[in-house]
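Data file: my_file-v8.cif. Format and content: mmCIF, C-alpha atoms.
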data_protein
loop_
_atom_site.label_atom_id
_atom_site.label_comp_id
_atom_site.auth_asym_id
_atom_site.auth_seq_id
_atom_site.Cartn_x
_atom_site.Cartn_y
_atom_site.Cartn_z
CA MET A 5 0.00 0.00 0.00
CA ASP A 6 2.95 2.37 0.52
CA GLN A 7 4.01 2.26 -3.12
CA PRO A 8 1.81 3.67 -5.91
CA LEU A 9 0.60 0.92 -8.15
CA LYS A 10 1.38 0.86 -11.81
CA TYR A 11 -2.05 2.06 -12.87
CA GLU A 12 -1.85 4.90 -10.32
CA GLN A 13 1.35 6.07 -11.94
CA VAL A 14 -0.44 6.06 -15.28
CA ILE A 15 -3.26 8.10 -13.79
CA GLY A 16 -0.76 10.56 -12.34
CA GLN A 17 0.92 11.02 -15.72
CA LYS A 18 -2.38 11.49 -17.46
CA LEU A 19 -3.67 14.03 -14.94
CA ALA A 20 -0.53 16.11 -15.39
CA ASN A 21 -1.63 16.77 -18.97
CA LEU A 22 -5.15 17.98 -18.35
CA PRO A 23 -6.42 20.53 -20.89
CA ILE A 24 -6.34 24.04 -19.45
CA PRO A 25 -9.63 25.96 -19.63
CA ASP A 26 -9.45 29.44 -21.11
CA MET A 27 -10.30 31.33 -17.93
CA GLU A 28 -7.11 33.32 -17.62
CA ASP A 29 -8.60 36.78 -18.01
CA MET A 30 -11.55 36.04 -15.75
CA ILE A 31 -9.36 34.69 -12.98
CA TRP A 32 -6.90 37.59 -13.28
CA GLY A 33 -9.84 39.97 -12.97
CA ARG A 34 -10.78 38.34 -9.68
CA VAL A 35 -7.21 38.34 -8.43
CA LYS A 36 -6.74 41.98 -9.39
CA ALA A 37 -10.00 43.01 -7.74
CA GLN A 38 -8.98 41.28 -4.52
CA LEU A 39 -5.49 42.78 -4.67
CA ASP A 40 -6.96 46.23 -5.20
CA ILE A 41 -8.83 45.77 -1.93
CA ASP A 42 -6.09 44.13 0.09
CA MET A 43 -2.99 45.76 -1.39
CA PRO A 44 -3.87 48.95 -3.30
CA ALA A 45 -1.24 49.78 -5.89
CA ASP A 46 -0.21 53.20 -7.14
CA ASP A 47 0.28 51.77 -10.65
CA SER A 48 3.20 54.05 -11.29
CA ASP A 49 4.49 51.73 -14.03
CA ASP A 50 1.68 52.45 -16.47
CA ASP A 51 2.88 52.74 -20.02
CA GLY A 52 -0.45 53.84 -21.42
CA ASP A 53 -1.15 50.76 -23.51
CA VAL A 54 -3.69 49.24 -21.17
CA PRO A 55 -6.66 51.42 -20.34
CA ASP A 56 -6.89 51.84 -16.63
CA VAL A 57 -9.84 52.62 -14.47
CA PRO A 58 -10.95 56.20 -15.12
CA PRO A 59 -9.65 58.48 -12.38
CA ALA A 60 -13.13 59.85 -11.80
CA GLY A 61 -14.35 56.51 -10.53
CA PRO A 62 -12.84 56.41 -7.04
CA ARG A 63 -13.33 60.17 -6.58
CA ILE A 64 -17.03 59.86 -7.18
CA LYS A 65 -17.14 57.27 -4.45
CA TRP A 66 -16.20 59.82 -1.81
CA ARG A 67 -17.50 62.93 -3.52
CA LEU A 68 -21.07 61.77 -3.71
CA PRO A 69 -21.54 61.23 0.03
CA VAL A 70 -19.87 64.58 0.73
CA LEU A 71 -22.23 66.36 -1.65
CA ILE A 72 -25.24 64.63 -0.12
CA LEU A 73 -24.09 65.56 3.37
CA ALA A 74 -23.55 69.17 2.32
CA PHE A 75 -27.02 69.32 0.78
CA VAL A 76 -28.67 67.86 3.85
CA GLY A 77 -26.69 70.21 6.06
CA ALA A 78 -27.79 73.20 4.01
CA LEU A 79 -31.42 72.12 4.22
CA PHE A 80 -31.14 71.68 7.96
CA PHE A 81 -29.52 75.08 8.34
CA LEU A 82 -32.17 76.80 6.25
CA LYS A 83 -34.95 75.08 8.13
CA ASN A 84 -33.53 76.11 11.48
CA LYS A 85 -33.04 79.63 10.23
CA LYS A 86 -36.63 79.85 9.05
CA ASN A 87 -38.31 78.43 12.14
CA PRO A 88 -37.52 81.24 14.62
CA VAL A 89 -39.10 83.81 12.30
CA GLU A 90 -42.22 81.74 11.99
CA ASN A 91 -42.36 81.22 15.73
CA THR A 92 -42.22 84.93 16.44
CA LYS A 93 -44.90 85.62 13.86
CA GLN A 94 -47.28 82.99 15.08
CA GLN A 95 -46.64 83.39 18.75
CA PRO A 96 -50.00 83.21 20.51
CA VAL A 97 -50.57 86.05 22.94
CA ILE A 98 -52.84 85.31 25.84
CA THR A 99 -53.63 87.53 28.75
CA THR A 100 -55.27 85.83 31.63
CA PRO A 101 -57.01 87.45 34.53
CA VAL A 102 -55.03 87.32 37.68
CA PRO A 103 -56.91 87.72 40.92
CA ALA A 104 -55.83 90.75 42.83
CA ASN A 105 -55.32 88.99 46.10
CA SER A 106 -54.74 85.51 44.94
CA GLY A 107 -52.52 83.55 47.21
CA GLN A 108 -50.82 81.79 44.35
CA SER A 109 -47.16 82.14 44.49
CA ALA A 110 -45.44 83.57 41.51
CA PRO A 111 -42.22 82.11 40.19
CA PRO A 112 -39.37 83.50 42.23
CA ASN A 113 -37.54 84.86 39.26
CA LEU A 114 -40.31 87.06 38.01
CA LEU A 115 -39.47 90.71 37.54
CA ASN A 116 -41.69 93.65 36.88
CA ASP A 117 -41.18 96.19 34.16
CA THR A 118 -38.65 98.17 36.07
CA GLY A 119 -36.54 95.16 36.71
CA LYS A 120 -37.20 95.10 40.46
CA LYS A 121 -38.53 92.06 42.18
CA LYS A 122 -42.26 92.20 42.48
CA ASP A 123 -44.50 91.20 45.35
CA PRO A 124 -46.08 87.92 44.40
CA ASN A 125 -49.35 89.07 46.05
CA SER A 126 -49.61 92.20 43.99
CA PRO A 127 -52.26 92.24 41.24
CA ALA A 128 -49.70 92.40 38.58
CA SER A 129 -49.70 90.20 35.59
CA ILE A 130 -46.93 87.74 34.98
CA ILE A 131 -44.53 87.87 32.14
CA PRO A 132 -43.03 84.47 31.50
CA PRO A 133 -39.33 84.42 30.91
CA ALA A 134 -39.69 82.96 27.48
CA ALA A 135 -37.35 84.86 25.25
CA ASN A 136 -39.49 84.86 22.18
CA SER A 137 -42.76 85.89 23.81
CA GLN A 138 -44.34 89.13 22.86
CA VAL A 139 -46.33 91.57 24.89
CA ILE A 140 -49.00 93.50 23.06
CA ASP A 141 -50.39 96.62 24.57
CA SER A 142 -53.49 97.71 22.82
CA ALA A 143 -55.16 101.00 23.69
CA ILE A 144 -58.42 99.79 22.26
CA GLN A 145 -58.93 97.20 24.91
CA GLN A 146 -60.63 98.63 27.98
CA ASP A 147 -60.23 95.78 30.33
CA THR A 148 -56.98 95.64 32.12
CA ASN A 149 -56.72 91.92 31.63
CA PHE A 150 -58.07 90.19 28.58
CA ILE A 151 -57.61 87.16 26.36
CA SER A 152 -56.28 88.29 23.08
CA PRO A 153 -58.20 87.25 19.97
CA LEU A 154 -54.88 86.85 18.18
CA ILE A 155 -54.60 83.21 19.20
CA THR A 156 -54.04 81.30 16.03
CA ASP A 157 -52.33 78.11 17.05
CA THR A 158 -53.71 76.40 20.11
CA THR A 159 -51.37 73.45 19.71
CA ALA A 160 -48.26 75.52 20.00
CA ASN A 161 -45.91 74.35 22.66
CA ASN A 162 -44.67 77.80 23.51
CA PRO A 163 -46.16 79.22 26.67
CA PRO A 164 -48.62 82.06 26.13
CA ALA A 165 -47.48 85.54 26.81
CA ILE A 166 -49.42 87.42 29.53
CA ILE A 167 -49.97 91.13 29.10
CA ASN A 168 -49.30 93.50 31.91
CA ARG A 169 -52.04 96.06 31.70
CA GLU A 170 -51.65 97.83 35.01
CA ASN A 171 -48.02 98.69 34.66
CA PRO A 172 -47.48 99.37 31.03
CA PRO A 173 -43.96 100.06 30.00
CA ALA A 174 -43.05 103.70 30.32
CA THR A 175 -43.10 105.52 27.05
CA THR A 176 -42.01 109.01 26.27
CA ASP A 177 -43.89 111.19 23.84
CA THR A 178 -41.36 113.17 21.97
CA THR A 179 -44.04 115.25 20.21
CA GLN A 180 -45.26 117.04 23.39
CA LEU A 181 -42.30 119.00 24.53
CA LYS A 182 -44.18 122.19 25.40
CA LYS A 183 -47.41 122.42 27.40
CA LYS A 184 -50.25 123.62 25.27
CA GLN A 185 -51.89 126.83 26.47
CA ARG A 186 -55.53 126.67 27.29
CA GLY A 187 -58.14 129.27 26.13
CA VAL A 188 -57.93 132.02 23.63
CA ARG A 189 -54.81 134.07 23.36
CA ASP A 190 -54.89 137.56 24.95
CA ILE A 191 -57.96 136.76 27.00
CA ASN A 192 -57.49 136.15 30.67
CA ASP A 193 -59.78 135.33 33.53
CA ASP A 194 -60.49 138.96 34.31
CA ASP A 195 -62.11 139.38 30.93
CA TYR A 196 -64.77 136.89 31.90
CA LYS A 197 -65.59 138.52 35.20
CA LEU A 198 -69.02 140.27 35.06
CA VAL A 199 -69.22 143.42 37.11
CA PRO A 200 -72.47 145.44 37.21
CA LYS A 201 -71.87 149.03 36.13
CA ASN A 202 -74.71 150.70 38.03
CA LYS A 203 -74.50 149.41 41.43
CA LYS A 204 -77.78 150.03 43.08
CA ASP A 205 -78.62 149.09 46.45
CA SER A 206 -82.20 148.22 46.70
CA LEU A 207 -82.01 148.92 50.30
CA MET V 114 -8.31 42.60 -25.58
CA TYR V 115 -5.75 42.64 -28.35
CA LYS V 116 -4.10 45.66 -26.80
CA LYS V 117 -3.91 43.97 -23.44
CA THR V 118 -2.43 40.75 -24.83
CA LYS V 119 0.05 42.78 -26.79
CA THR V 120 1.08 44.63 -23.66
CA ILE V 121 1.53 41.47 -21.65
CA SER V 122 3.54 39.79 -24.37
CA LYS V 123 5.63 42.93 -24.60
CA VAL V 124 6.24 42.78 -20.87
CA LEU V 125 7.16 39.12 -21.07
CA THR V 126 9.53 39.58 -23.95
CA ALA V 127 11.13 42.59 -22.35
CA GLU V 128 11.35 41.01 -18.95
CA THR V 129 12.23 37.45 -19.70
CA ASN V 130 13.90 37.21 -16.40
CA ILE V 131 11.45 35.87 -13.82
CA GLN V 132 13.47 37.66 -11.20
CA ASP V 133 12.36 41.01 -12.60
CA LEU V 134 8.74 39.90 -12.43
CA LEU V 135 9.27 38.75 -8.87
CA GLU V 136 10.77 42.07 -7.83
CA GLY V 137 8.01 43.99 -9.56
CA SER V 138 5.37 41.84 -7.94
CA VAL V 139 6.89 42.27 -4.51
CA ALA V 140 6.88 46.02 -5.17
CA ASN V 141 3.10 45.65 -5.77
CA LYS V 142 3.26 46.58 -9.44
CA ARG V 143 0.14 45.33 -11.13
CA LYS V 144 1.78 44.86 -14.51
CA ALA V 145 4.46 42.61 -13.08
CA GLN V 146 1.91 40.71 -11.03
CA GLU V 147 -0.26 40.18 -14.09
CA ALA V 148 2.70 38.96 -16.12
CA LEU V 149 3.71 36.57 -13.35
CA PHE V 150 0.15 35.30 -13.07
CA ARG V 151 -0.12 34.64 -16.79
CA HIS V 152 3.25 32.94 -16.79
CA PHE V 153 2.20 30.42 -14.12
CA TYR V 154 -1.52 30.22 -14.90
CA GLY V 155 -1.40 26.93 -16.83
CA PHE V 156 0.77 25.26 -14.23
CA ALA V 157 -1.45 26.36 -11.31
CA MET V 158 -4.65 25.49 -13.15
CA THR V 159 -3.40 21.97 -13.86
CA VAL V 160 -2.77 21.47 -10.14
CA ALA V 161 -6.12 23.01 -9.17
CA LEU V 162 -8.11 20.85 -11.58
CA ARG V 163 -7.02 17.71 -9.73
CA TYR V 164 -8.75 18.89 -6.55
CA SER V 165 -11.88 20.36 -8.03
CA ARG V 166 -15.20 19.04 -9.24
CA ASP V 167 -15.38 21.37 -12.24
CA GLU V 168 -13.67 24.31 -13.91
CA MET V 169 -15.38 26.90 -11.75
CA ASP V 170 -14.08 25.18 -8.64
CA ALA V 171 -10.61 25.19 -10.17
CA ALA V 172 -10.94 28.89 -10.98
CA ASP V 173 -11.79 29.59 -7.33
CA ILE V 174 -8.77 27.62 -6.18
CA VAL V 175 -6.42 29.40 -8.61
CA SER V 176 -7.69 32.88 -7.80
CA HIS V 177 -7.42 32.36 -4.05
CA ALA V 178 -4.01 30.77 -4.47
CA PHE V 179 -2.64 33.70 -6.48
CA VAL V 180 -3.97 36.25 -4.03
CA LYS V 181 -2.05 34.39 -1.32
CA ILE V 182 0.98 34.13 -3.56
CA PHE V 183 1.14 37.88 -4.16
CA LYS V 184 0.47 38.67 -0.52
CA SER V 185 3.28 36.45 0.68
CA LEU V 186 5.66 36.73 -2.22
CA HIS V 187 8.08 38.75 -0.13
CA THR V 188 8.56 35.66 2.06
CA TYR V 189 9.61 33.45 -0.85
CA ASP V 190 13.21 32.29 -0.49
CA LYS V 191 14.63 30.91 -3.70
CA THR V 192 17.42 29.16 -1.80
CA LYS V 193 14.82 26.85 -0.24
CA GLY V 194 13.21 25.70 -3.47
CA SER V 195 12.05 26.66 -6.92
CA LEU V 196 9.25 29.11 -7.56
CA HIS V 197 7.28 26.32 -9.26
CA ALA V 198 7.42 24.20 -6.12
CA TRP V 199 6.41 27.17 -3.95
CA ILE V 200 3.42 28.01 -6.18
CA LYS V 201 2.42 24.34 -6.37
CA LYS V 202 2.53 24.02 -2.58
CA ILE V 203 0.23 27.04 -2.13
CA THR V 204 -2.15 25.83 -4.84
CA VAL V 205 -2.36 22.32 -3.39
CA ASN V 206 -3.04 23.72 0.08
CA GLU V 207 -5.76 25.91 -1.37
CA GLY V 208 -7.24 22.89 -3.14
CA LEU V 209 -7.24 20.89 0.07
CA ASP V 210 -8.89 23.78 1.92
CA HIS V 211 -11.50 23.81 -0.82
CA ILE V 212 -12.21 20.11 -0.32
CA LYS V 213 -12.24 20.47 3.47
CA SER V 214 -14.82 23.22 3.20
CA ARG V 215 -17.31 20.90 1.53
CA SER V 216 -16.57 17.59 3.20
CA ARG V 217 -15.32 16.05 6.40
CA PHE V 218 -12.57 13.52 6.72
CA SER V 219 -14.01 10.71 8.80
CA GLU V 220 -11.67 9.59 11.55
CA ASN V 221 -13.33 6.46 12.91
CA VAL V 222 -12.68 4.09 10.06
CA GLU V 223 -11.48 0.54 10.04
CA LEU V 224 -9.02 -0.49 7.39
CA GLU V 225 -10.05 -3.76 5.86
CA THR V 226 -7.32 -6.06 4.72
CA VAL V 227 -8.56 -6.70 1.24
CA PRO V 228 -6.50 -7.69 -1.78
CA GLU V 229 -5.48 -4.82 -4.06
CA PRO V 230 -7.92 -4.52 -6.97
CA GLU V 231 -6.68 -5.38 -10.38
CA ILE V 232 -6.87 -2.60 -12.91
CA LYS V 233 -5.55 -3.11 -16.39
CA ASN V 234 -3.10 -0.45 -17.50
CA THR V 235 -4.09 -0.95 -21.11
CA VAL V 236 -7.54 0.41 -20.40
CA LEU V 237 -6.15 3.47 -18.63
CA GLU V 238 -3.56 4.14 -21.31
CA GLN V 239 -6.28 4.28 -23.93
CA MET V 240 -8.24 6.81 -21.95
CA GLY V 241 -7.66 10.49 -22.23
CA ALA V 242 -6.74 12.75 -19.30
CA SER V 243 -10.22 14.26 -19.18
CA GLU V 244 -11.87 10.86 -19.03
CA ILE V 245 -9.63 9.75 -16.17
CA MET V 246 -10.32 13.00 -14.36
CA GLU V 247 -14.04 12.39 -14.69
CA LEU V 248 -13.57 9.03 -12.98
CA VAL V 249 -11.56 10.57 -10.14
CA LYS V 250 -14.21 13.26 -9.64
CA LYS V 251 -16.73 10.54 -8.92
CA LEU V 252 -14.88 9.68 -5.73
CA PRO V 253 -16.11 11.22 -2.49
CA PRO V 254 -14.25 14.52 -1.88
CA ALA V 255 -12.06 13.29 0.98
CA THR V 256 -11.20 10.07 -0.83
CA HIS V 257 -10.56 12.09 -3.95
CA ALA V 258 -8.08 14.30 -2.08
CA VAL V 259 -6.19 11.40 -0.57
CA PHE V 260 -6.00 9.57 -3.88
CA VAL V 261 -4.65 12.62 -5.74
CA LEU V 262 -2.15 13.40 -3.00
CA TYR V 263 -0.92 9.81 -3.02
CA ALA V 264 -1.10 8.79 -6.67
CA VAL V 265 -0.46 12.08 -8.45
CA GLU V 266 1.50 14.31 -6.06
CA GLY V 267 3.54 11.43 -4.67
CA PHE V 268 3.03 12.05 -0.94
CA ASN V 269 3.21 9.13 1.47
CA HIS V 270 0.55 8.44 4.08
CA ARG V 271 2.41 10.22 6.87
CA GLU V 272 2.66 13.41 4.80
CA ILE V 273 -0.97 13.13 3.75
CA ALA V 274 -2.01 12.66 7.37
CA GLU V 275 -0.11 15.80 8.37
CA ARG V 276 -1.58 17.89 5.57
CA LEU V 277 -5.15 16.79 6.15
CA SER V 278 -4.88 16.58 9.95
CA ILE V 279 -5.97 12.97 9.94
CA SER V 280 -4.35 9.75 11.02
CA GLU V 281 -2.26 7.58 8.72
CA GLY V 282 -4.85 4.82 9.08
CA THR V 283 -7.55 7.13 7.81
CA SER V 284 -5.37 8.08 4.88
CA LYS V 285 -4.85 4.41 4.03
CA TRP V 286 -8.57 3.72 4.34
CA HIS V 287 -9.40 6.52 1.90
CA LEU V 288 -6.81 5.20 -0.56
CA SER V 289 -8.25 1.74 -0.32
CA GLU V 290 -11.74 3.09 -0.89
CA ALA V 291 -10.49 5.01 -3.93
CA ARG V 292 -8.94 1.94 -5.44
CA LYS V 293 -12.07 -0.15 -4.98
CA THR V 294 -14.30 2.52 -6.45
CA LEU V 295 -12.02 3.10 -9.44
CA GLN V 296 -11.90 -0.60 -10.13
CA GLN V 297 -15.67 -0.74 -10.19
CA LEU V 298 -15.89 2.28 -12.43
CA LEU V 299 -13.27 0.98 -14.86
CA GLN V 300 -15.13 -2.27 -15.34
CA HIS V 301 -17.57 -0.38 -17.57
CA TYR V 302 -14.81 0.51 -20.01
#

Encoding of this model in structure tokens:
Amino acid sequence: MDQPLKYEQVIGQKLANLPIPDMEDMIWGRVKAQLDIDMPADDSDDDGDVPDVPPAGPRIKWRLPVLILAFVGALFFLKNKKNPVENTKQQPVITTPVPANSGQSAPPNLLNDTGKKKDPNSPASIIPPAANSQVIDSAIQQDTNFISPLITDTTANNPPAIINRENPPATTDTTQLKKKQRGVRDINDDDYKLVPKNKKDSL
Amino acid sequence: MYKKTKTISKVLTAETNIQDLLEGSVANKRKAQEALFRHFYGFAMTVALRYSRDEMDAADIVSHAFVKIFKSLHTYDKTKGSLHAWIKKITVNEGLDHIKSRSRFSENVELETVPEPEIKNTVLEQMGASEIMELVKKLPPATHAVFVLYAVEGFNHREIAERLSISEGTSKWHLSEARKTLQQLLQHY
């Protein structure tokens, strides 16, 4: 058993002369593809006879994701830039009546218009610290506290702004620098005094 | 295609020295690697065909073998053996790995003491290489591997046992099975 038999030697000789299938190019393609992954070559020995892979191929591979990322980033930036404007435009303004002597405690960080800390028991309205809230002071409204009809979005998550009607912010009227004189010019109070000319004493 | 073939032939005629191809391949030059591959393709494919069921299997073996060859070419020492022997060794190992991946070498076998089957050489000598290969492919994969290693490559049972990580007895059992099966198959010719 330790020595090949005669017929096995014949088989060995025959199998050494097997016809070779014409798969040379296909197999080299596989080998080259695997080598390109495992051992990338710079191919500095190109002589120009064999067309190589177009140089744009690998660049597109990394350019395309970069372009997509840039586009998505730009969209995200624009969306974020647009949202604050819309929020300020559609900010619901709600004024709610606050009982004058309500025992409810106000948030400790609330400030009045002058920036001083306010008594939580005072009948003042509350201005939430939300940065984007707006306070509307309308002269048409007679009530000191009212619910504004400007509410457009009841599902908004932003807290409603509460209008301070009792302590409106101080405004200066630059058009009334001089006090307007009352009455007609050159007529004083003495001109209106009626004095009878013929003083007769009925007594 | 014509351009490519022309380029390769130009490379081979210009660099007839295999040593230049080796140096270029070690330097990871694709042109040198391609020329070296095409130079040894026929030799490697002949080895791979002995361990494969069909041409596509052989193509897998050759492609994997050459990837390993180029990756480890810098470790080749020509003082220890010829380049042909080194490439053959890698290709055979790849072929055996291919067979191992689709079959198991049974360990618990009992070697029967049966007389060696008689096979007439005249029948084999009249057959072509492809016909004989078709017979060998009909063997179970593990038996096929042992038979090729023993009858074609010239390994003894101890070497086969080391390569396949089996015992010498298992190697002998597979050889015996191969001989019996081939005898049965050759009776039809």

Any chance you could work out the residue set of the PyMOL selection byres ((chain V and resi 143) around 9) here, as a ChimeraX atom specification? /A:36,39,45-47,49 /V:137-138,141-142,144-148

Selection: 12 Å around V:Trp199, all atoms listed in the file, excl. self and same-chain fewer than 6 positions, as an MDAnalysis selection string: chainID V and resid 153 156:157 178:179 181:183 185:186 188:193 205:206

With the PyMOL selection byres ((chain V and resi 248) around 12) as the selection, what would be picked from this file? Answer as a PyMOL selection string, please. (chain A and resi 15+19) or (chain V and resi 163+166+237+240-247+249-253+257+260+291-292+294-302)

Under the PyMOL selection byres ((chain V and resi 263) around 10), which residues of this model are included? Write them out as a PyMOL selection string. (chain A and resi 6-8+12-13+16) or (chain V and resi 257-262+264-270+272-273+284-285+288)

Considering all atoms listed in the file, can you say which of V:Asp167, V:Glu207, V:Glu238, V:Asp133 comes closest to chain A? V:Glu238

Pick from V:Ser195, V:Thr256, V:Ser176, V:Gln132, whichever lies nearest to chain A using all atoms listed in the file: V:Ser176

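Picture a line from atom CA of V:Ile200 to atom CA of V:Thr283; it runs 27.4 Å.
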
Extract, using all atoms listed in the file, all DNA, RNA and protein residues at most 7 Å from V:Leu162, discarding same-chain residues fewer than 4 positions from it, and format them as JSON, numbers by chain. {"V": [158, 168, 171]}

So how far away is atom CA of V:Met169 from atom CA of A:Trp32, in Å?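 It comes out at 13.7 Å.
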
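Nearest residue to chain A among V:Lys202, V:His177, V:Arg276, V:Lys213 is V:His177, counting only C-alpha atoms.
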
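Comparing the minimum interatomic distances between chain V and each of A:Ala74, A:Val35, A:Leu79, A:Asp29, counting all atoms listed in the file, we find that A:Val35 sits nearest.
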
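Atom pair atom CA of V:Ser278 / atom CA of A:Asn21: separated by 29.1 Å.
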
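With all atoms listed in the file as the atoms that count, the minimum distance from V:Leu196 to the choices V:Glu275, V:Ile212, V:Leu134, V:Thr159 is reached by V:Leu134.
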